[in-house]
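Read through the structure below, which is laid out as structure tokens, and then see the notes.
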Amino acid sequence: MKKRVVLLFMLLLLSLALLACAPEGTQQNGDDLLDDQQTSEEDGEVADEITVVDHNGNTVTLPKEINRIVVADIYPLPSVITVMLGSAEKLVGIHPVSMSAAENGLLSDLYPEILNADTSFMQGSDLNVEELLLLKPDVVFYSAENTQLGQNLTNAGFAAVAVSASKWDYDILETYRQWIALLSQIFPNNDISDKVDQYSQETYDLVQQRTADIEDRKEILFLFKYDETQIVTSGKHFFGQFWCDAVGGVNVAEEITVDNDNAVINMEQIYAWNPEVIFITNFTPTQPEDLYQNAIGTDDWQNIQAVQDKQVYKLPLGIYRSYTPGVDTPITLLWMAKAVYPDLFEDIDIEQEVADYYQELYGIQLTDEQIGQMFTPTGDAAMGF
């Protein structure tokens with residue numbers, strides 16, 4: 001009995017000695033330690049990456065810290081990202097069409113570093129993989145409608161994120177919201193674009209209230225592209241339909257149901273429609289004076305009501321071409337509503353609205369010259385398209 005007590009006491013002392021030699025908090029077996037080490041390494045990898053679901057339903061893994069951004073062919077997106085980040089320094093590559101808008105609009109004035117972005121990797125819809133590799137992008141954004149480009153980017157090993165312009169039936173406000181929702185997952189803690197979205201909705205509601213009781217709605221034609229070779233309008237499935245509805249007008253081309261910029265028409269169709277208002281986008285160099293003076297080809301515009309009433313307008317070019325979703329959407333909506341129904345919006349001082357908008361949302365004080373430039377864009381903005 002005495003020997004057993006001594007033996008138990010000796011075993012107790014040995015156990016205490018072993019515990020004293022072990023570092024604090026490591027009283028685990030070898031398998032437990034290995035599992036904890038593996039878990040820690042896995043947590044470290046996850047912490048450095050994020051996953052997002054893009055507008056084509058693809059799950060894309062991206063680095064959590066993104067320093068090099070390329071936007072392939074979703075033309076308005078570089079301007080949205082720039083405003084969201086408050087800088088264009090991380091944009092290392094954009095499409096030539098995006099660059100021409102930046103050069104001829106306010107984007108390069110406000111964020112001159114955008115001019116350093118490379119454009120050589122895209123020619124039209126053709127991607128130069130070798131040139132893109134040289135840019136070493138952390139992420140490449142591309143048009144969700146261009147699935148072949150997305151496949152090429154993924155096959156080449158790029159982290160490619162699809163962004164759609166048509167998924168929400170060309171509803172500009174909803175499309176912009178969806179862009180911001182996706183970008184906010186990739187670039188969190190940025191609230192500028194959320195403020196723009198809120199301002200856009202408030203402006204939209206204002207215009208809806210003022211135009212709700214109109215019985216004789218103005219008939220509107222959009223010239224998306226116009227030169228000696230073709231006339232392209234906006235049918236039901238393009239952004240022009242949204243704008244016509246938003247300002248309380250009627251899209252004369254609503255009967256055309258082909259998607260986006262495939263709505264090719266002729267002068268005979270325009271004669272039949274005889275629109276009261278015409279808007280010209282910045283995707284074409286054509287100016288209102290070209291219609292007033294019959295300066296393009298052999299087309300005769302003189303009997304069109306909008307031309308007779310001098311109701312032909314070139315869309316503004318602020319941060320980007322205002323025909324598409326973007327940060328200038330609310331300003332464009334006010335300007336367009338006043339152009340179509342001046343009596344309903346005679347209290348709206350567009351230039352002052354622009355000045356207040358940029359100051360309150362971006363902290364930017366625009367000069368009178370910059371505001372004037374926004375509403376008198378040149379044809380050079382269409383370069384590359």
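Within each chain, counting starts at residue 1; across the structure tokens, chains are named A, B, ... in the order shown, with ligands numbered 1 upward in that order.
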
Practice task
Might you pull out every residue within 12 Å of Leu366 in chain A, with only C-alpha atoms counted and same-chain residues fewer than 2 positions away left off, and present them as a PyMOL selection string?
Solution key: chain A and resi 106-107+109-110+318+351-360+362-364+368-374

Dump as a PDB file, in the first residue's frame, selection limited to C-alpha atoms:
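Result file follows (part.pdb):
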```
ATOM      1  CA  LEU A 106     -14.859  66.745 -67.738  1.00  0.00           C
ATOM      2  CA  LEU A 107     -13.267  63.483 -66.581  1.00  0.00           C
ATOM      3  CA  ASP A 109     -10.148  67.917 -66.209  1.00  0.00           C
ATOM      4  CA  LEU A 110     -11.188  66.579 -62.824  1.00  0.00           C
ATOM      5  CA  GLY A 318     -19.932  65.608 -68.349  1.00  0.00           C
ATOM      6  CA  GLU A 351     -26.082  75.638 -64.916  1.00  0.00           C
ATOM      7  CA  GLN A 352     -26.680  76.291 -61.218  1.00  0.00           C
ATOM      8  CA  GLU A 353     -27.955  72.734 -60.725  1.00  0.00           C
ATOM      9  CA  VAL A 354     -24.729  71.419 -62.266  1.00  0.00           C
ATOM     10  CA  ALA A 355     -22.573  73.662 -60.085  1.00  0.00           C
ATOM     11  CA  ASP A 356     -24.432  72.625 -56.909  1.00  0.00           C
ATOM     12  CA  TYR A 357     -24.429  68.951 -57.878  1.00  0.00           C
ATOM     13  CA  TYR A 358     -20.674  68.743 -58.367  1.00  0.00           C
ATOM     14  CA  GLN A 359     -19.971  70.823 -55.275  1.00  0.00           C
ATOM     15  CA  GLU A 360     -22.304  68.955 -52.917  1.00  0.00           C
ATOM     16  CA  TYR A 362     -17.975  65.584 -55.232  1.00  0.00           C
ATOM     17  CA  GLY A 363     -16.625  68.651 -53.475  1.00  0.00           C
ATOM     18  CA  ILE A 364     -15.646  70.023 -56.890  1.00  0.00           C
ATOM     19  CA  ASP A 368     -18.355  78.534 -65.844  1.00  0.00           C
ATOM     20  CA  GLU A 369     -16.184  77.367 -68.735  1.00  0.00           C
ATOM     21  CA  GLN A 370     -16.340  73.742 -67.624  1.00  0.00           C
ATOM     22  CA  ILE A 371     -20.122  73.886 -67.249  1.00  0.00           C
ATOM     23  CA  GLY A 372     -20.416  75.450 -70.679  1.00  0.00           C
ATOM     24  CA  GLN A 373     -18.205  72.717 -72.120  1.00  0.00           C
ATOM     25  CA  MET A 374     -20.506  70.077 -70.654  1.00  0.00           C
TER      26      MET A 374
END
```

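Remark: for Asp73 in chain A, the closest of the candidate residues A:Thr154, A:Thr257, A:Ser100, A:Ser143 is A:Ser143 (distances computed over only C-alpha atoms).
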
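When only C-alpha atoms are used to measure the gap to Pro342 in chain A, the shortest distance among A:Phe222, A:Arg210, A:Phe283, A:Leu133 belongs to A:Arg210.
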
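One distance worth recording is that between CA of Ile74 in chain A and CA of Phe141 in chain A, which is 7.3 Å.
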
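For the pair CA of Leu223 in chain A and CA of Ala101 in chain A, the interatomic distance is 17.8 Å.
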
Exercise for the section: Name the residues of range 116-287 of chain A that come out as alpha helix (DSSP H) in a backbone DSSP run; write them as an NGL selection string. Expected result: :A and (129-135 or 147-155 or 172-186 or 192-211 or 239-246 or 267-273)

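Near range 190-196 of chain A, within a cut-off of 8 Å and counting only C-alpha atoms, sit the residues Val80, Val83, Met84, Leu85, Ile180, Ser184, Val327, Leu361 and Tyr362 of chain A, with same-chain residues fewer than 5 positions away left out.
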
Produce a file of the selected residues containing C-alpha atoms, as a JSON list (two decimals), in the first residue's frame.
```
[["chain", "number", "residue", "atom", "x", "y", "z"],
["A", 80, "VAL", "CA", -18.00, 55.37, -62.64],
["A", 83, "VAL", "CA", -15.72, 58.83, -59.25],
["A", 84, "MET", "CA", -16.30, 55.97, -56.84],
["A", 85, "LEU", "CA", -12.60, 55.80, -55.90],
["A", 180, "ILE", "CA", -22.83, 50.18, -57.92],
["A", 184, "SER", "CA", -19.30, 48.09, -53.84],
["A", 327, "VAL", "CA", -22.85, 59.85, -62.49],
["A", 361, "LEU", "CA", -21.59, 65.42, -54.08],
["A", 362, "TYR", "CA", -17.98, 65.58, -55.23]]
```

Practice task
Work out how far apart CA of Ile280 in chain A and CA of Ile231 in chain A are and give it in Å to one decimal.
Solution key: 11.2 Å
